Amino acid sequence: MPGSTPTHWYNILADLPFELPPDIPPPPAPAGAADAVTPQLPLELVRQSMTRERHVAIPPRVLAKYRTWRATPVARARALEERIGTRARIYYKYEGGNASGSHKLCTALAQAHAYAAAGATRLVTGTGAGQWGTALAVACQEFGLDCKVYMVAKSYHDKPYRGTIMRLHGAEVVPSPAAGRPTVGTGVHPGNIAYAVTEAFADARATAGTQLSVGSGEAYSILHSTVIGLEAIEQLGPDEQPDIVIGALGAGSNFGGMAMPFVGRKLRGEADVRCIAVESAGCPKLTRGEYRYDHTDGSGVSPLQKMYTLGSRFVTGGAHVGGLRYHACSKIVSALHHHRLVEALAYPQPDVFASGVLFSRTEGILPAPESAHAVHAAIQLAKEADEKGETPVILFCLSGHGLFDLSSYAEYLDGTLADTPVSDADIRRSLDLLPRLDEQVVGR
Amino acid sequence: MTAHSREEVRTAVVAALLATQGNPGDPASVGEETAIGGAGLGISSLNVLQALVRIEDALGIVFDDRAVAETPLSSVGTLVNLAVAAAAEGV
């Protein structure tokens, strides 16, 4: 379905019927700390995070880049529908057709543009499966910035070509933590996104001209990704608007980018639509986490945000869990879930990979494992609708291709892909490490 | 061109900075020499940036992003100077 590139992002904050819980600043600086503060973000990204304007203009240089691959296609998955025998109409919006191979380029370009305008010369970041690191490498190349990516060690070693594509786009890539680096207590930290971001942040603080850029979860990264949902609304047209909208949930930009324009229509009374975030059963923050204050990284010194979380010390162990390892969920998506305006589902990874393979064999696109979570949800919800005699229109975000994830698919095909369920005790142990701050904030 | 006296700008800057902390204390006790971080107001860098956006809204100005990033934000007077410069630019 053809479509046009939006000239504005959609800002869900304009339509929220409630106030988001305030962030809690990091601990006071120790005695003797410098009286001067050093901004860690471009002011432009802060403006975009605070504005209540419904439509935020996309900077011309970013829009020009968007137009090199957007609007991305929306297609009906007829072969998949036929294979599973559903009467539901399933559509997907494919975000893998750009240099980075995923939806992450939407915010990477906007962030690199903002950091370059503010005078940064180098960006650093943490990445899990590698989609975000790749997108930032591409974006930094576009705007003349150096780039260094701290990649979760398991992904770094399992997906060597992810590192190669980042290096092709000019980035330096290192595993996080570096091989053999000891951590307190248990030998070697297995790595997670929070840890990688912490290492990147330390780099940024130690290197002149360097800033930390993060790929998902922050209000501005969701804002930048809303071109996905905005395009889909136009492409599907007034007579085929979805009853169900699905996106995979890491921290929020994938799901939020697709769903927020639809949630906005729901909040304004323009549409009745279910928006469903799909997470990995190996990192189930929305479905099994708690809504409370936590750090956004593993440093313990970042601002505290109220969000669904498994605890910033939560580690997914050896599970692949797609790129959905982040311990928490964006405060915006969390608040929407808390107010029952969006739903959440979690699936184990063998089921998710099975649906990824089925999608590849029917529609001809191998989904990234993250995206396969959305594929799986679409199939399950179509089957549920069939059992009820319903014929919904289902739309999901096929957020990226899985051509860098063949080692994981090979494990699935070989029958060696691990399913590592998370116990309640694991979650409890991680959550018990968090400070109890809610009463203090309510008292403000 | 947005015309504001330096005192009007200082009042807006102090109000925005104190708002990031839930408005504790007396605005009159905050002078241009008061430090923003450390032992002064003790405000984090993110909260300072949020205060700058509130100052933009209050005064109808737009800060230069590069100037903000490159200026050591040491005292209230630093922010007043940035705001006065932005107002003079008429942006």
# chains A, B, ... in the order shown; residues from 1 in each chain; ligands from 1
$ residues_around --residues "Leu79 in chain B" --least-positions-apart "4" --cutoff "12 Å" --atoms "only C-alpha atoms" --output "ChimeraX atom specification"
/A:36-37 /B:6,9-14,16-17,31-36,48-49,51-53,55-56,63-64,67-69,71-75,83-86
$ select_by_dssp --residues "chain B" --states "helix (DSSP H, G or I)" --output "VMD selection string"
chain B and resid 6 to 19 27 to 29 45 to 59 65 to 70 76 to 89
$ closest_residue --among "A:Thr38, A:Ile427, A:Met166, A:Ala196" --to "Lys285 in chain A" --atoms "only C-alpha atoms"
A:Ile427
$ closest_residue --among "A:Glu44, A:Glu142, A:Asp424, A:Glu343" --to "chain B" --atoms "only C-alpha atoms"
A:Glu44
$ atom_distance --atom1 "CA of Gln349 in chain A" --atom2 "CA of Ala281 in chain A"
7.3 Å
$ closest_residue --among "A:Gln131, A:Thr121, A:Ser176, A:Ser102" --to "chain B" --atoms "only C-alpha atoms"
A:Thr121
$ closest_residue --among "B:Asp57, B:Asp26, B:Glu7, B:Asp65" --to "chain A" --atoms "only C-alpha atoms"
B:Asp65
$ atom_distance --atom1 "CA of Pro367 in chain A" --atom2 "CA of Leu80 in chain A"
13.4 Å
$ residues_around --residues "Gly133 in chain A" --least-positions-apart "3" --cutoff "7 Å" --atoms "only C-alpha atoms" --output "MDAnalysis selection string"
chainID A and resid 127 130 136:137 149 166
$ write_last_selection --atoms "N, CA and C atoms" --output "mmCIF file, in the first residue's frame"
data_model
loop_
_atom_site.group_PDB
_atom_site.id
_atom_site.type_symbol
_atom_site.label_atom_id
_atom_site.label_comp_id
_atom_site.auth_asym_id
_atom_site.auth_seq_id
_atom_site.Cartn_x
_atom_site.Cartn_y
_atom_site.Cartn_z
ATOM 1 N N THR A 127 23.948 -1.577 23.238
ATOM 2 C CA THR A 127 22.977 -2.248 22.384
ATOM 3 C C THR A 127 22.847 -3.697 22.819
ATOM 4 N N GLY A 130 21.602 -5.687 18.756
ATOM 5 C CA GLY A 130 22.415 -4.982 17.778
ATOM 6 C C GLY A 130 21.659 -4.076 16.832
ATOM 7 N N LEU A 136 22.320 3.466 15.071
ATOM 8 C CA LEU A 136 23.075 4.651 15.478
ATOM 9 C C LEU A 136 24.345 4.798 14.640
ATOM 10 N N ALA A 137 24.974 3.683 14.286
ATOM 11 C CA ALA A 137 26.155 3.757 13.421
ATOM 12 C C ALA A 137 25.801 4.407 12.087
ATOM 13 N N VAL A 149 29.983 1.537 20.051
ATOM 14 C CA VAL A 149 28.854 0.739 20.513
ATOM 15 C C VAL A 149 29.337 -0.314 21.507
ATOM 16 N N MET A 166 27.984 -2.786 11.777
ATOM 17 C CA MET A 166 28.229 -1.527 12.498
ATOM 18 C C MET A 166 29.584 -0.951 12.104
#
$ atom_distance --atom1 "CA of Cys275 in chain A" --atom2 "CA of Ser430 in chain A"
28.6 Å
$ residues_around --residues "Ala77 in chain A" --least-positions-apart "5" --cutoff "9 Å" --atoms "only C-alpha atoms" --output "ChimeraX atom specification"
/A:82,89-92,359,362-363
$ write_last_selection --atoms "N, CA and C atoms" --output "PDB file, in the first residue's frame"
ATOM      1  N   GLU A  82      -3.830 -17.796   4.956  1.00  0.00           N
ATOM      2  CA  GLU A  82      -4.281 -19.043   4.342  1.00  0.00           C
ATOM      3  C   GLU A  82      -3.680 -20.241   5.070  1.00  0.00           C
ATOM      4  N   ARG A  89      -8.137 -10.597   9.048  1.00  0.00           N
ATOM      5  CA  ARG A  89      -7.295  -9.978   8.022  1.00  0.00           C
ATOM      6  C   ARG A  89      -6.056  -9.428   8.722  1.00  0.00           C
ATOM      7  N   ILE A  90      -4.917 -10.004   8.364  1.00  0.00           N
ATOM      8  CA  ILE A  90      -3.663  -9.673   9.063  1.00  0.00           C
ATOM      9  C   ILE A  90      -2.800  -8.802   8.149  1.00  0.00           C
ATOM     10  N   TYR A  91      -2.422  -7.641   8.674  1.00  0.00           N
ATOM     11  CA  TYR A  91      -1.526  -6.740   7.946  1.00  0.00           C
ATOM     12  C   TYR A  91      -0.228  -6.560   8.750  1.00  0.00           C
ATOM     13  N   TYR A  92       0.848  -6.351   8.014  1.00  0.00           N
ATOM     14  CA  TYR A  92       2.097  -6.011   8.706  1.00  0.00           C
ATOM     15  C   TYR A  92       2.724  -4.798   8.040  1.00  0.00           C
ATOM     16  N   PHE A 359       6.324 -17.407   9.293  1.00  0.00           N
ATOM     17  CA  PHE A 359       6.167 -16.146   8.546  1.00  0.00           C
ATOM     18  C   PHE A 359       7.137 -16.094   7.371  1.00  0.00           C
ATOM     19  N   THR A 362       5.922 -18.315   4.572  1.00  0.00           N
ATOM     20  CA  THR A 362       4.674 -17.910   3.908  1.00  0.00           C
ATOM     21  C   THR A 362       4.796 -16.532   3.247  1.00  0.00           C
ATOM     22  N   GLU A 363       5.426 -15.590   3.926  1.00  0.00           N
ATOM     23  CA  GLU A 363       5.468 -14.221   3.413  1.00  0.00           C
ATOM     24  C   GLU A 363       6.816 -13.845   2.800  1.00  0.00           C
TER      25      GLU A 363
END
$ closest_residue --among "A:Leu304, A:Ala114, A:Cys140, A:Val124" --to "Ser100 in chain A" --atoms "only C-alpha atoms"
A:Cys140
$ select_by_dssp --residues "range 10-144 of chain A" --states "strand (DSSP E or B)" --output "PyMOL selection string"
chain A and resi 10+24+37+55-57+74-76+89-94+102+122-127
$ residues_around --residues "Trp132 in chain A" --least-positions-apart "2" --cutoff "8 Å" --atoms "only C-alpha atoms" --output "number ranges by chain"
A: 104-105, 108, 127-130, 134-136, 215
$ write_last_selection --atoms "all heavy atoms" --output "short mmCIF file (atom, residue, chain, number, x, y, z; two decimals), in the first residue's frame"
data_model
loop_
_atom_site.label_atom_id
_atom_site.label_comp_id
_atom_site.auth_asym_id
_atom_site.auth_seq_id
_atom_site.Cartn_x
_atom_site.Cartn_y
_atom_site.Cartn_z
N LYS A 104 14.66 1.16 14.19
CA LYS A 104 15.46 2.02 15.08
C LYS A 104 16.04 3.23 14.38
O LYS A 104 16.44 4.21 15.03
CB LYS A 104 16.60 1.20 15.69
CG LYS A 104 16.15 0.08 16.62
CD LYS A 104 15.74 0.61 17.97
CE LYS A 104 15.55 -0.54 18.95
NZ LYS A 104 15.12 -0.06 20.27
N LEU A 105 16.11 3.18 13.06
CA LEU A 105 16.70 4.31 12.35
C LEU A 105 15.85 5.58 12.50
O LEU A 105 16.37 6.69 12.36
CB LEU A 105 16.89 3.96 10.86
CG LEU A 105 17.82 4.87 10.06
CD1 LEU A 105 19.20 5.00 10.69
CD2 LEU A 105 17.95 4.38 8.62
N ALA A 108 17.25 7.06 15.63
CA ALA A 108 18.70 7.25 15.53
C ALA A 108 19.03 8.50 14.71
O ALA A 108 19.90 9.29 15.10
CB ALA A 108 19.34 6.01 14.91
N THR A 127 23.95 -1.58 23.24
CA THR A 127 22.98 -2.25 22.38
C THR A 127 22.85 -3.70 22.82
O THR A 127 23.81 -4.28 23.34
CB THR A 127 23.38 -2.14 20.90
OG1 THR A 127 22.27 -2.53 20.07
CG2 THR A 127 24.56 -3.04 20.57
N GLY A 128 21.66 -4.26 22.63
CA GLY A 128 21.44 -5.65 23.00
C GLY A 128 21.67 -6.55 21.81
O GLY A 128 22.79 -7.00 21.54
N ALA A 129 20.61 -6.81 21.04
CA ALA A 129 20.74 -7.67 19.87
C ALA A 129 21.52 -6.99 18.75
O ALA A 129 22.03 -7.66 17.85
CB ALA A 129 19.37 -8.07 19.36
N GLY A 130 21.60 -5.69 18.76
CA GLY A 130 22.41 -4.98 17.78
C GLY A 130 21.66 -4.08 16.83
O GLY A 130 22.27 -3.32 16.08
N THR A 134 23.38 -0.69 15.29
CA THR A 134 23.50 -0.55 13.84
C THR A 134 22.85 0.75 13.37
O THR A 134 23.42 1.50 12.56
CB THR A 134 22.84 -1.74 13.12
OG1 THR A 134 23.34 -2.96 13.66
CG2 THR A 134 23.11 -1.70 11.63
N ALA A 135 21.67 1.02 13.89
CA ALA A 135 20.96 2.24 13.48
C ALA A 135 21.75 3.48 13.87
O ALA A 135 21.86 4.43 13.08
CB ALA A 135 19.57 2.26 14.12
N LEU A 136 22.32 3.47 15.07
CA LEU A 136 23.08 4.65 15.48
C LEU A 136 24.35 4.80 14.64
O LEU A 136 24.75 5.93 14.31
CB LEU A 136 23.43 4.58 16.97
CG LEU A 136 23.97 5.89 17.54
CD1 LEU A 136 22.90 6.98 17.51
CD2 LEU A 136 24.48 5.71 18.96
N GLY A 215 18.48 4.11 22.73
CA GLY A 215 17.64 3.81 21.58
C GLY A 215 16.16 3.67 21.84
O GLY A 215 15.37 3.71 20.91
#
